[in-house]
Amino acid sequence: MSNKFYITTTLPYINSEPHIGFAAEIIKADVIARYHRFLGKEVIFNTGTDEHGLKIHRKAQEKGLDTQVFCDQMSQSFKDLKELLNLSYDRFIRTTDKNHVEAAQKFWQICADNGDIYKKKYAVKYCVGCELEKTESELEDDRCPLHPNLELEIIEEENYFFRWSKYQDKLEAFYSKNSGFVQPGFRFNEIKSFVKSGLRDFSISRLREKMPWGVPVPGDNSQVMYVWFDALINYISTLGWPESQEFKDFWPGLQVAGKDNLKQQSAMWQAMLMSSGLKPSDKVLIFGFLTNEGQKISKSLGNSIDLKELISKYGSEAIRYYLLSAISTYNDGDFSESRLKEVYNADLANGLGNLSARLANLIEKEELSLKLEFNPKAEITLNFKRLMDEYKLQEAINFLWQEVDKINEYLSREAPWKETDKEKKALILKTAAIQLVNISDLISIFLPETGKKLFSQFKAEKIKKAESLFPRL
RNA sequence: CGCGGGGUAGAGCAGUUGGCAGCUCGCCAGGCCCAUAACCUGGAGGUCGCAGGUUCGAGUCCUGCCCCCGCAACCA
């Protein structure tokens, strides 16, 4: 197995502030990255911001800002998540970065040289909301059914197209050879049937005079790249492609995305990689969406969750725990503040928090000297790995909490506070502490701060009661 | 016949290859008294959406049907 591991999130489009859904995605990616570091691998974990396109340009204009200034501000807001959510990414690429722009142009050139980019004159109705041209069959009453409030724009111009259709067979062959390529399985089925139903070449450029905010098409000053074409390339430009050892060492990698990105990640991008002669991605994980208190998250409903406020209220560890353990990794889930509190009290305060206080207190009174070490061969670790290797994050974290329960059960059963034999008492406490130490290191994959605290508390020569890990709410 | 997800205890959800229906919260009754009013044990509460089929055996596989929700702006 390679000692190098590369993982990347999708790049969020920066026309609004980061929200809970993206937080869920990047936290899951963070857990996977930490897991691979835990396995001793050298990891690159990439995220960043997608900054081109008409919507962003217009948004900046609305605010009376220079587009780059607007992008700088929004991008910073996403960068802030690193501290706020305790993320461990080590790359943050912006699609307006110079090296990305150059890589996108190089990539384009290679696809063009391979005959996969051609110019076509066409007149089409274009929906600004989708950033997509619409065919007649997609329209209802001459309006985009997805954005009925927006007037369609008629685009009559010569644009560049990518020969997606050429890759249909290759994609299908690739899918059938790589049975776990997209996870979960039902998403894989979805994309397979989509590709099977036929691919149509898609437009990958816009006239610069109409849409100035994009990567210039090499050799044609009148056109800029369509936002999706350039954005996908970030997954390799961040590794220094085309000229870098790092790219050779780390590509291909694991990509994670929300379910709205299924086509782009697992079919469009893979075809683009095939065209440029690069290896397809290693794997694509597709996560579900969140609702807020049972309702679809939307600004018009005024129910978008203020992520920063939430974090300052409950702390990143609680948010991480909730998103990872109480919400399905791959299915849609619901975010509810009352549920968050419930889970916090049950699992963090009464569960892990109380247990660590309970055990530390018992040991402190006995003045034991334990000097415990994490044991990577413990059965717990092996069972845990089995789940993590299949990216069953929710099952893995819940498995750890079952182990927390077992320690509580063990203590109640053995009742060391009643034991009069000093040696027996010490053995009971040591047994419990060893289990907790083993779990702590695994917990730090999900809750880095908590893991660190537990580890330093229970690895110390003199275990002492510390400040409450998770005070009850 | 557009694509997809879902309908399992009062609420929220798990159920991998078909093998005695589970978890968390809440509720009831005990226990413990080391710990954060915590922890442990037991209990009540389900015709697993409906109707068929395959099977020794179906929440799980097959067929049909009913209902809910995404695939609309913002957005993963």
# chains A, B, ... in the order shown; residues from 1 in each chain; ligands from 1
>>> residues_around(residues="A:Thr95", least_positions_apart="3", cutoff="9 Å", atoms="only C-alpha atoms (C1' of nucleotides)", output="MDAnalysis selection string")
chainID A and resid 11 48:52 98:101 215 230:231 233:234
>>> write_last_selection(atoms="N, CA, C and O atoms", output="JSON list (two decimals), in the first residue's frame")
[["chain", "number", "residue", "atom", "x", "y", "z"],
["A", 11, "LEU", "N", -14.51, 22.41, -4.09],
["A", 11, "LEU", "CA", -14.27, 23.80, -3.68],
["A", 11, "LEU", "C", -15.62, 24.51, -3.62],
["A", 11, "LEU", "O", -16.33, 24.57, -4.61],
["A", 48, "GLY", "N", -10.36, 24.63, -0.68],
["A", 48, "GLY", "CA", -10.11, 25.94, -1.26],
["A", 48, "GLY", "C", -11.40, 26.62, -1.65],
["A", 48, "GLY", "O", -12.45, 26.32, -1.08],
["A", 49, "THR", "N", -11.31, 27.50, -2.61],
["A", 49, "THR", "CA", -12.52, 28.21, -3.04],
["A", 49, "THR", "C", -12.58, 28.33, -4.57],
["A", 49, "THR", "O", -11.58, 28.56, -5.23],
["A", 50, "ASP", "N", -13.78, 28.19, -5.07],
["A", 50, "ASP", "CA", -14.08, 28.29, -6.50],
["A", 50, "ASP", "C", -14.60, 29.71, -6.75],
["A", 50, "ASP", "O", -15.63, 30.09, -6.21],
["A", 51, "GLU", "N", -13.88, 30.48, -7.54],
["A", 51, "GLU", "CA", -14.12, 31.92, -7.55],
["A", 51, "GLU", "C", -14.50, 32.54, -8.88],
["A", 51, "GLU", "O", -14.67, 33.76, -8.97],
["A", 52, "HIS", "N", -14.57, 31.74, -9.94],
["A", 52, "HIS", "CA", -14.89, 32.35, -11.23],
["A", 52, "HIS", "C", -16.39, 32.28, -11.53],
["A", 52, "HIS", "O", -17.15, 31.68, -10.77],
["A", 98, "LYS", "N", -2.50, 32.15, -9.24],
["A", 98, "LYS", "CA", -1.75, 32.15, -10.51],
["A", 98, "LYS", "C", -1.43, 30.73, -10.97],
["A", 98, "LYS", "O", -1.61, 30.39, -12.14],
["A", 99, "ASN", "N", -0.96, 29.90, -10.07],
["A", 99, "ASN", "CA", -0.58, 28.55, -10.49],
["A", 99, "ASN", "C", -1.78, 27.74, -10.96],
["A", 99, "ASN", "O", -1.67, 26.90, -11.85],
["A", 100, "HIS", "N", -2.96, 28.02, -10.38],
["A", 100, "HIS", "CA", -4.15, 27.32, -10.84],
["A", 100, "HIS", "C", -4.54, 27.78, -12.25],
["A", 100, "HIS", "O", -4.86, 26.96, -13.11],
["A", 101, "VAL", "N", -4.49, 29.07, -12.46],
["A", 101, "VAL", "CA", -4.85, 29.62, -13.78],
["A", 101, "VAL", "C", -3.94, 29.04, -14.85],
["A", 101, "VAL", "O", -4.39, 28.60, -15.91],
["A", 215, "VAL", "N", -10.87, 32.24, -16.48],
["A", 215, "VAL", "CA", -9.51, 31.98, -16.95],
["A", 215, "VAL", "C", -9.47, 32.14, -18.46],
["A", 215, "VAL", "O", -10.27, 31.52, -19.17],
["A", 230, "ASP", "N", -12.67, 25.05, -15.36],
["A", 230, "ASP", "CA", -11.44, 25.42, -14.66],
["A", 230, "ASP", "C", -11.45, 24.95, -13.21],
["A", 230, "ASP", "O", -10.44, 24.51, -12.68],
["A", 231, "ALA", "N", -12.62, 24.96, -12.59],
["A", 231, "ALA", "CA", -12.67, 24.63, -11.16],
["A", 231, "ALA", "C", -12.22, 23.20, -10.88],
["A", 231, "ALA", "O", -11.49, 22.94, -9.93],
["A", 233, "ILE", "N", -10.12, 21.45, -12.22],
["A", 233, "ILE", "CA", -8.67, 21.25, -12.37],
["A", 233, "ILE", "C", -7.91, 21.56, -11.08],
["A", 233, "ILE", "O", -6.77, 21.16, -10.90],
["A", 234, "ASN", "N", -8.57, 22.21, -10.14],
["A", 234, "ASN", "CA", -7.90, 22.53, -8.88],
["A", 234, "ASN", "C", -7.36, 21.29, -8.17],
["A", 234, "ASN", "O", -6.37, 21.36, -7.46]]
>>> interface_residues(of="chain B", to="chain A", cutoff="8 Å", atoms="only C-alpha atoms (C1' of nucleotides)", output="PyMOL selection string")
chain B and resi 3-5+24-25+32+34-36+38-40+72-76
>>> residues_around(residues="B:A29", least_positions_apart="2", cutoff="12 Å", atoms="only C-alpha atoms (C1' of nucleotides)", output="list of chain:residue names")
B:C27, B:G31, B:U41, B:G42, B:G43, B:A44
>>> residues_around(residues="B:C66", least_positions_apart="3", cutoff="12 Å", atoms="only C-alpha atoms (C1' of nucleotides)", output="PyMOL selection string")
chain B and resi 7+49-51
>>> atom_distance(atom1="atom CA of A:Ser312", atom2="atom CA of A:Gln76")
18.2 Å
>>> select_by_dssp(residues="stretch 70-301 of chain A", states="strand (DSSP E)", output="ChimeraX atom specification")
/A:91-94,117-127,132-134,153-162,182-183,202-203,205-207,216-217,220-225,254-258,283-287,290-292,295-296
>>> residues_around(residues="stretch 115-122 of chain A", least_positions_apart="6", cutoff="8 Å", atoms="only C-alpha atoms (C1' of nucleotides)", output="ChimeraX atom specification")
/A:155-163,275
